[in-house]
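Trainee: Let me begin by handing over the structure; questions about it come next.
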Amino acid sequence: MKRVLVVLMLLAVILTVPGCFSKKVDSGDKVKVELAIGKKYEVINAEKHAAANDPDQKVLTDGNEGNAVNWQDPSWLGAKLADPAKEVITYILDLEKAEDIGKVRAQFHQTLYGIDVPAQLKISVSLDKSTWSDPVVVDIPAKDLEPPSSDWVSVDVNAKARYVKVEATPRQEWVFCGEISVRRPEAK
Ligand SMILES: [Ca+2]
């Protein structure tokens, strides 16, 4: 009986002393690496595709990839140049406050029929949406046309900013973007 009591007392000590046997539980303070999820954006110089027109203005920052094998899936924001003279479709994301930014990544669709990963991306950032950094320019080699696919284009930015501008030069006509991701510098 005495032994049972001792065991019970020991158990009580183990259960009440925090961290005695178990590792510290992740308290949810894991570094948040994705800065753009759920954030608002605007799309400039874009004539949207009827089948992929992002009616709720959420597609680019909902945290989900576009459907790589279905261009008509509403997970895409499909657009072509509204004014061809301006040469780029522009996406501007608002992170709501100045953040340390590492990489900016964007996912695009590639098909055989006029929807292509852009030929070039230019990324610039701003604290006030008025003065912009010199853009980081990335020329993107042409992709295999088949099968339908998608590609992430990743650009190192490494700056502190509130606004992120992505300018996409269409390769032919349509640019279908599924997500724009903005990551903290410590993200891998
Ligand atoms: Ca998305």
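Quick note on naming: the chains in the structure tokens go A, B, ... in the order shown, residues restart at 1 in each chain, and ligands are numbered from 1 in order of appearance.
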Please return as a list in words the residues found within 6 Å of ligand 1, counting only C-alpha atoms and all ligand atoms.

Mentor: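 So the residues close to ligand 1 are Val59, Leu60, Thr61, Asp62, Gly63, Asn64, Glu65, Gly66, Ser75, Gly178 and Glu179 of chain A.
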
Trainee: Could you please take those selected residues and save N, CA and C atoms as a PDB file, in the first residue's frame?

Mentor:
ATOM      1  N   VAL A  59      -7.345  35.265 -55.432  1.00  0.00           N
ATOM      2  CA  VAL A  59      -6.599  34.139 -55.983  1.00  0.00           C
ATOM      3  C   VAL A  59      -5.084  34.250 -55.763  1.00  0.00           C
ATOM      4  N   LEU A  60      -4.543  35.452 -55.906  1.00  0.00           N
ATOM      5  CA  LEU A  60      -3.081  35.586 -55.897  1.00  0.00           C
ATOM      6  C   LEU A  60      -2.463  35.457 -54.511  1.00  0.00           C
ATOM      7  N   THR A  61      -3.263  35.627 -53.473  1.00  0.00           N
ATOM      8  CA  THR A  61      -2.684  35.591 -52.121  1.00  0.00           C
ATOM      9  C   THR A  61      -3.458  34.653 -51.188  1.00  0.00           C
ATOM     10  N   ASP A  62      -4.127  33.636 -51.769  1.00  0.00           N
ATOM     11  CA  ASP A  62      -4.894  32.722 -50.907  1.00  0.00           C
ATOM     12  C   ASP A  62      -4.045  31.564 -50.378  1.00  0.00           C
ATOM     13  N   GLY A  63      -2.771  31.523 -50.766  1.00  0.00           N
ATOM     14  CA  GLY A  63      -1.897  30.464 -50.261  1.00  0.00           C
ATOM     15  C   GLY A  63      -1.966  29.179 -51.061  1.00  0.00           C
ATOM     16  N   ASN A  64      -2.787  29.159 -52.126  1.00  0.00           N
ATOM     17  CA  ASN A  64      -2.937  27.940 -52.932  1.00  0.00           C
ATOM     18  C   ASN A  64      -2.364  28.138 -54.329  1.00  0.00           C
ATOM     19  N   GLU A  65      -1.753  27.077 -54.845  1.00  0.00           N
ATOM     20  CA  GLU A  65      -1.238  27.115 -56.206  1.00  0.00           C
ATOM     21  C   GLU A  65      -2.382  27.070 -57.208  1.00  0.00           C
ATOM     22  N   GLY A  66      -2.133  27.616 -58.398  1.00  0.00           N
ATOM     23  CA  GLY A  66      -3.055  27.417 -59.503  1.00  0.00           C
ATOM     24  C   GLY A  66      -2.993  25.973 -59.974  1.00  0.00           C
ATOM     25  N   SER A  75      -8.640  28.853 -59.840  1.00  0.00           N
ATOM     26  CA  SER A  75      -7.443  29.136 -59.042  1.00  0.00           C
ATOM     27  C   SER A  75      -6.452  30.019 -59.802  1.00  0.00           C
ATOM     28  N   GLY A 178      -1.074  32.128 -60.494  1.00  0.00           N
ATOM     29  CA  GLY A 178      -1.826  31.393 -59.475  1.00  0.00           C
ATOM     30  C   GLY A 178      -1.562  31.869 -58.057  1.00  0.00           C
ATOM     31  N   GLU A 179      -0.377  32.433 -57.829  1.00  0.00           N
ATOM     32  CA  GLU A 179      -0.023  32.855 -56.481  1.00  0.00           C
ATOM     33  C   GLU A 179       1.201  33.756 -56.547  1.00  0.00           C
TER      34      GLU A 179
END

Trainee: Could you go through region 39-93 of chain A and tell me which residues DSSP, when run on the backbone, assigns to helix (DSSP H, G or I), listing them as a PyMOL selection string?

Mentor: chain A and resi 59-61+84-86

Trainee: Between region 25-101 of chain A and region 122-141 of chain A, at 9 Å or less, what are the per-residue closest atom pairs and their distances in Å? Count only C-alpha atoms, order by chain and rising residue number, and return it as JSON lines.

Mentor:
{"residue": "A:Asp94", "atom": "CA", "partner": "A:Lys129", "partner_atom": "CA", "distance": 9.0}
{"residue": "A:Lys97", "atom": "CA", "partner": "A:Leu127", "partner_atom": "CA", "distance": 8.3}
{"residue": "A:Ala98", "atom": "CA", "partner": "A:Leu127", "partner_atom": "CA", "distance": 6.4}

Trainee: Pull C-alpha atoms from the residues just selected and write them as a PDB file, in the first residue's frame.

Mentor:
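Output below, filename part-v1.pdb:
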ATOM      1  CA  ASP A  94       0.076  45.554 -49.984  1.00  0.00           C
ATOM      2  CA  LYS A  97       3.087  47.361 -42.955  1.00  0.00           C
ATOM      3  CA  ALA A  98       6.797  47.476 -43.659  1.00  0.00           C
TER       4      ALA A  98
END

Trainee: Tell me, in Å to one decimal, how far CA of Val88 (chain A) is from CA of Thr169 (chain A).

Mentor: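 Taking CA of Val88 (chain A) and CA of Thr169 (chain A), their separation equals 4.7 Å.
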
Trainee: If you run DSSP on this backbone, which residues of chain A come out as strand (DSSP E or B), and could you give them as a count of residues only?

Mentor: 83

Trainee: Which neighbours of Lys103 (chain A) fall inside 6 Å, counting only C-alpha atoms, when residues of the same chain fewer than 6 positions from it are skipped, and could you give them as number ranges by chain?

Mentor: A: 155-157, 183

Trainee: Limited to N, CA and C atoms, could you put the picked residues into a file as a PDB file, in the first residue's frame?

Mentor:
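Below you can see part-v9.pdb, which holds the result:
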ATOM      1  N   VAL A 155      12.632  35.236 -56.965  1.00  0.00           N
ATOM      2  CA  VAL A 155      13.524  36.396 -57.091  1.00  0.00           C
ATOM      3  C   VAL A 155      13.978  36.830 -55.700  1.00  0.00           C
ATOM      4  N   ASP A 156      15.297  36.996 -55.523  1.00  0.00           N
ATOM      5  CA  ASP A 156      15.818  37.515 -54.254  1.00  0.00           C
ATOM      6  C   ASP A 156      15.659  39.031 -54.221  1.00  0.00           C
ATOM      7  N   VAL A 157      14.971  39.516 -53.207  1.00  0.00           N
ATOM      8  CA  VAL A 157      14.729  40.952 -53.100  1.00  0.00           C
ATOM      9  C   VAL A 157      15.526  41.548 -51.931  1.00  0.00           C
ATOM     10  N   ARG A 183       8.266  36.201 -48.967  1.00  0.00           N
ATOM     11  CA  ARG A 183       8.791  35.467 -47.817  1.00  0.00           C
ATOM     12  C   ARG A 183       9.798  36.273 -47.013  1.00  0.00           C
TER      13      ARG A 183
END

Trainee: Between CA of Pro84 (chain A) and CA of His109 (chain A), measure the distance and give it in Å to one decimal.

Mentor: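 Interatomic distance here is 20.4 Å.
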
Trainee: Just want the 8 Å neighbourhood of Asp54 (chain A), counted on only C-alpha atoms, with same-chain residues fewer than 6 positions away dropped. Output as a PyMOL selection string.

Mentor: chain A and resi 74-77

Trainee: Fewer than 3 positions away in the same chain doesn't count, so skip those; otherwise give me all residues within 10 Å of Asp100 (chain A), counting only C-alpha atoms, as a PyMOL selection string.

Mentor: chain A and resi 35+97+103+157-162+182-186

Trainee: So how far away is CA of Ser181 (chain A) from CA of Leu145 (chain A), in Å?

Mentor: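 These atoms are spaced 24.3 Å apart.
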
Trainee: For Trp71 (chain A), list every protein, DNA or RNA residue within 12 Å, evaluated using only C-alpha atoms, and leave out those in the same chain fewer than 3 positions away; present the list as a ChimeraX atom specification.

Mentor: /A:49-53,66-68,74-79,108-116,148-150,174-178

Trainee: From the options A:Leu121, A:Leu95, A:Ile37, A:Val164, which residue's atoms come nearest to Lys58 (chain A), counting only C-alpha atoms?

Mentor: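 Closest to Lys58 (chain A), using only C-alpha atoms: A:Ile37.
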
Trainee: So, counting only C-alpha atoms, which residue among A:Val43, A:Ala36, A:Ile180, A:Ala106 is closest to Gln120 (chain A)?

Mentor: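 Distance minimum relative to Gln120 (chain A) lands on A:Ala106.
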